[in-house]
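Shown below: target.txt, with compact mmCIF, C-alpha atoms.
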# COMPACT_ATOMS: atom_id res chain seq x y z
CA MET A 123 0.00 0.00 0.00
CA ASN A 124 1.22 3.51 -0.84
CA HIS A 125 2.71 5.16 2.27
CA LEU A 126 0.83 8.47 1.84
CA LEU A 127 -2.43 6.63 1.23
CA LEU A 128 -1.89 4.60 4.38
CA LEU A 129 -1.27 7.73 6.47
CA ASN A 130 -4.45 9.24 5.07
CA ILE A 131 -6.43 6.13 6.02
CA LEU A 132 -5.00 6.31 9.53
CA LYS A 133 -5.70 10.03 9.91
CA GLY A 134 -7.16 10.82 13.30
CA ILE A 135 -5.40 7.93 15.06
CA ASP A 136 -2.57 8.65 17.50
CA MET A 137 0.83 8.65 15.73
CA ASN A 138 2.29 5.85 17.86
CA LYS A 139 -0.74 3.71 17.12
CA GLN A 140 -0.49 4.63 13.44
CA GLN A 141 3.02 3.17 13.32
CA ILE A 142 1.87 -0.07 14.94
CA ILE A 143 -1.12 -0.40 12.62
CA ALA A 144 1.12 0.29 9.63
CA LYS A 145 3.33 -2.61 10.76
CA ILE A 146 0.29 -4.88 10.98
CA ASP A 147 -0.87 -3.74 7.55
CA ALA A 148 2.55 -4.50 6.05
CA ILE A 149 2.46 -8.05 7.40
CA MET A 150 -1.12 -8.58 6.29
CA ALA A 151 -0.44 -7.21 2.79
CA GLN A 152 2.04 -10.03 2.21
CA ALA A 153 -0.65 -12.48 3.31
CA ALA A 154 -2.63 -11.67 0.15
CA GLU A 155 0.00 -13.58 -1.84
CA LEU A 156 0.10 -16.62 0.43
CA ASP A 157 -2.15 -19.64 0.10
CA TYR A 158 -3.95 -20.57 3.32
CA LEU A 159 -2.52 -24.06 3.69
CA GLY A 160 -4.51 -25.54 0.82
CA GLU A 161 -7.87 -24.38 2.21
CA GLY A 162 -8.96 -22.53 -0.96
CA THR A 163 -8.34 -18.98 0.28
CA SER A 164 -5.33 -16.74 0.76
CA GLN A 165 -3.93 -16.10 4.24
CA LEU A 166 -5.35 -12.57 4.03
CA GLU A 167 -8.80 -13.75 2.96
CA HIS A 168 -8.83 -16.18 5.87
CA ALA A 169 -7.89 -13.44 8.34
CA LEU A 170 -10.48 -10.99 7.01
CA GLN A 171 -13.18 -13.65 7.04
CA CYS A 172 -12.37 -14.48 10.66
CA GLY A 173 -12.70 -10.81 11.65
CA TYR A 174 -15.95 -10.59 9.70
CA PHE A 175 -17.48 -13.67 11.33
CA ALA A 176 -16.42 -12.49 14.80
CA GLU A 177 -18.12 -9.13 14.31
CA LYS A 178 -21.18 -10.79 12.78
CA ALA A 179 -21.44 -12.99 15.88
CA GLY A 180 -21.54 -9.91 18.12
CA CYS A 181 -18.08 -10.35 19.64
CA ASP A 182 -16.43 -7.47 21.47
CA THR A 183 -13.71 -5.40 19.81
CA GLU A 184 -10.76 -7.29 21.31
CA THR A 185 -12.19 -10.64 20.25
CA ILE A 186 -12.79 -9.35 16.70
CA ILE A 187 -9.19 -8.14 16.44
CA ALA A 188 -7.86 -11.39 17.91
CA ALA A 189 -9.86 -13.32 15.31
CA LEU A 190 -8.46 -11.09 12.57
CA LEU A 191 -4.85 -11.46 13.77
CA HIS A 192 -4.86 -14.99 15.18
CA ASP A 193 -2.43 -16.28 12.53
CA ILE A 194 -0.11 -13.28 12.52
CA GLY A 195 2.61 -15.41 14.10
CA ARG A 196 2.62 -17.61 11.00
CA LEU A 197 2.68 -14.58 8.72
CA SER A 198 5.47 -12.78 10.57
CA ALA A 199 7.49 -15.99 10.71
CA MET A 200 7.21 -16.41 6.95
CA GLU A 201 8.23 -12.76 6.55
CA ASN A 202 11.42 -13.70 8.40
CA GLY A 203 12.12 -16.83 6.37
CA VAL A 204 10.52 -19.42 8.67
CA SER A 205 8.67 -22.05 6.63
CA VAL A 206 5.31 -23.71 7.28
CA GLU A 207 7.23 -26.94 7.86
CA GLN A 208 9.36 -25.30 10.55
CA LEU A 209 6.25 -23.92 12.23
CA ASP A 210 4.59 -27.33 12.09
CA SER A 211 7.68 -28.94 13.62
CA GLY A 212 7.17 -27.15 16.89
CA LEU A 213 7.69 -23.39 16.87
CA GLY A 214 4.00 -22.79 17.54
CA HIS A 215 2.67 -19.87 15.48
CA GLU A 216 0.15 -19.05 18.21
CA TYR A 217 2.97 -18.25 20.65
CA LEU A 218 4.93 -16.30 18.05
CA GLY A 219 1.80 -14.28 17.29
CA ALA A 220 1.05 -13.51 20.93
CA LYS A 221 4.68 -12.46 21.47
CA LEU A 222 4.64 -10.14 18.46
CA LEU A 223 1.37 -8.52 19.52
CA ARG A 224 2.68 -7.99 23.07
CA GLU A 225 5.72 -6.26 21.61
CA LEU A 226 3.36 -4.07 19.57
CA HIS A 227 1.43 -3.13 22.76
CA PHE A 228 -1.83 -4.90 22.01
CA SER A 229 -4.02 -5.55 25.04
CA PRO A 230 -3.48 -8.63 27.21
CA LYS A 231 -6.84 -10.00 26.08
CA VAL A 232 -5.97 -9.82 22.37
CA CYS A 233 -2.61 -11.49 23.01
CA SER A 234 -4.16 -14.21 25.15
CA LEU A 235 -6.87 -15.01 22.60
CA VAL A 236 -4.27 -15.32 19.83
CA ARG A 237 -2.18 -17.61 22.04
CA ASN A 238 -5.25 -19.68 22.94
CA HIS A 239 -6.64 -20.40 19.48
CA VAL A 240 -4.79 -23.72 19.13
CA ILE A 241 -5.51 -24.64 22.76
CA ALA A 242 -9.20 -24.01 22.02
CA LYS A 243 -8.98 -26.41 19.10
CA ARG A 244 -7.52 -29.08 21.39
CA TYR A 245 -10.30 -28.43 23.89
CA LEU A 246 -13.10 -28.73 21.33
CA VAL A 247 -11.62 -31.88 19.77
CA THR A 248 -11.32 -33.47 23.21
CA LYS A 249 -14.90 -32.59 24.05
CA SER A 250 -16.48 -33.63 20.76
CA ASN A 251 -15.66 -36.24 18.14
CA GLU A 252 -18.25 -34.49 15.97
CA TYR A 253 -16.14 -31.32 16.09
CA TYR A 254 -13.04 -33.25 15.04
CA ASN A 255 -14.88 -34.97 12.19
CA ALA A 256 -16.04 -31.57 10.87
CA LEU A 257 -12.50 -30.16 10.68
CA SER A 258 -10.96 -29.66 7.26
CA PRO A 259 -8.33 -32.22 6.17
CA ARG A 260 -5.53 -29.68 6.73
CA SER A 261 -6.82 -28.83 10.21
CA LYS A 262 -6.95 -32.53 11.09
CA TYR A 263 -3.40 -32.91 9.78
CA SER A 264 -2.08 -30.05 11.92
CA PHE A 265 -3.92 -31.37 14.97
CA ASP A 266 -1.98 -34.62 14.69
CA LEU A 267 1.40 -32.84 14.63
CA PRO A 268 3.44 -33.03 17.86
CA HIS A 269 3.39 -29.30 18.65
CA GLN A 270 -0.42 -29.22 18.90
CA ARG A 271 -0.13 -31.93 21.55
CA GLY A 272 -3.32 -33.82 20.78
CA ARG A 273 -6.32 -34.24 23.03
CA MET A 274 -6.34 -32.71 26.51
CA SER A 275 -6.14 -34.50 29.81
CA GLU A 276 -8.88 -33.90 32.39
CA LEU A 277 -6.55 -31.53 34.23
CA GLU A 278 -5.81 -29.55 31.06
CA LEU A 279 -9.54 -29.27 30.34
CA LEU A 280 -10.20 -27.89 33.80
CA GLU A 281 -7.28 -25.48 33.60
CA PHE A 282 -8.45 -24.09 30.29
CA GLU A 283 -12.02 -23.73 31.54
CA THR A 284 -10.72 -21.45 34.31
CA ASP A 285 -8.88 -19.19 31.85
CA PRO A 286 -10.47 -15.71 32.10
CA TYR A 287 -10.76 -15.63 28.31
CA PHE A 288 -12.06 -19.19 27.92
CA GLN A 289 -15.38 -18.36 26.24
CA ASP A 290 -13.91 -15.78 23.90
CA SER A 291 -11.09 -18.19 23.00
CA LEU A 292 -13.75 -20.64 21.79
CA LYS A 293 -15.34 -17.85 19.75
CA VAL A 294 -12.02 -17.09 18.04
CA ARG A 295 -11.62 -20.79 17.29
CA THR A 296 -15.09 -20.91 15.74
CA THR A 297 -14.22 -18.06 13.38
CA ASP A 298 -10.98 -19.85 12.47
CA ASP A 299 -12.97 -22.90 11.40
CA LYS A 300 -15.48 -20.83 9.39
CA GLY A 301 -13.06 -18.46 7.66
CA LYS A 302 -12.32 -20.67 4.66
CA ALA A 303 -15.01 -19.66 2.17
CA ALA A 304 -13.97 -19.00 -1.42
CA ASN A 305 -14.90 -15.61 -2.91
CA LEU A 306 -16.70 -14.29 0.18
CA GLU A 307 -16.96 -10.49 0.14
CA VAL A 308 -15.78 -9.04 3.47
CA PRO A 309 -14.45 -5.65 4.64
CA PRO A 310 -10.79 -4.83 3.89
CA ILE A 311 -8.07 -4.53 6.53
CA ALA A 312 -8.57 -0.74 6.72
CA TYR A 313 -12.06 -1.37 8.13
CA TYR A 314 -10.41 -2.67 11.31
CA HIS A 315 -7.95 0.19 11.88
CA GLU A 316 -10.06 2.00 14.45
CA MET A 317 -10.78 -1.26 16.27
CA MET A 318 -7.06 -2.04 16.33
CA ALA A 319 -6.34 1.41 17.73
CA GLN A 320 -8.74 0.69 20.60
CA CYS A 321 -6.78 -2.48 21.43
CA ILE A 322 -3.31 -0.88 21.40
CA LEU A 323 -2.20 0.31 24.83
CA VAL A 324 0.31 3.11 24.30
CA ASP A 325 0.53 6.54 25.93

Structure re-expressed in structure tokens:
Amino acid sequence: MNHLLLLNILKGIDMNKQQIIAKIDAIMAQAAELDYLGEGTSQLEHALQCGYFAEKAGCDTETIIAALLHDIGRLSAMENGVSVEQLDSGLGHEYLGAKLLRELHFSPKVCSLVRNHVIAKRYLVTKSNEYYNALSPRSKYSFDLPHQRGRMSELELLEFETDPYFQDSLKVRTTDDKGKAANLEVPPIAYYHEMMAQCILVD
């Protein structure tokens, strides 16, 4: 995106927040060229669909932004030369994403929801064979990789249920599962700038 155009889009948002949002936009712009793991959409389309479905479901602003950015760890890793195979071997894109967003001063809730989106998948698979059977082939494949750690123990289930963001983590996971529709018209990344600004905690 043209730099002057981007600044015009961000007009009215605090300069420090503008810089953070511009960084997010730069990462997301590259996602338009990346296939979403054979799911029939680009990485950017998947992200935008997840934000769209979260807002449509009546989620709060932080949950919408977490849904939009839940895979940003994968995108930023690829930007730095880390392959999908390396991520699948154990780096954990959810943790990379949460770390990046913390460094960019996003709220604790946004960071936690991004970190939790794979944990929520484990929880739902453990609770329901029907949920597992409805997963896409790629999602089933990634679930069986070592870093996703398979089904939860009873203790892990209980621990996750006590997480303060438990319910919203499940909502983010639901959008992740839905955001794979080909040719769905959804708002562009600029639509979420003001919401992002609300989630960035800088003076």

- May I ask for the distance between atom CA of A:Ala189 and atom CA of A:Val294, given in Å to one decimal place? 5.1 Å

- Query: What separation in Å, quoted to one decimal, exists between atom CA of A:Thr248 and atom CA of A:Lys231?
  - Reply: 24.1 Å

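Here atom CA of A:Glu307 stands at a distance of 24.2 Å from atom CA of A:Lys145.
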
- Task: Can you work out which one of A:Gly214, A:Gly272, A:Pro310, A:Gly219 has the shortest atom-to-atom distance to A:Ile194, counting all atoms listed in the file?
- Result: A:Gly219

- Query: Skipping near chain neighbours, those fewer than 6 positions away, what residues fall within 10 Å of stretch 164-172 of chain A using all atoms listed in the file, listed as a ChimeraX atom specification?
  - Reply: /A:149-158,178,186-194,196-197,294-311,313-314
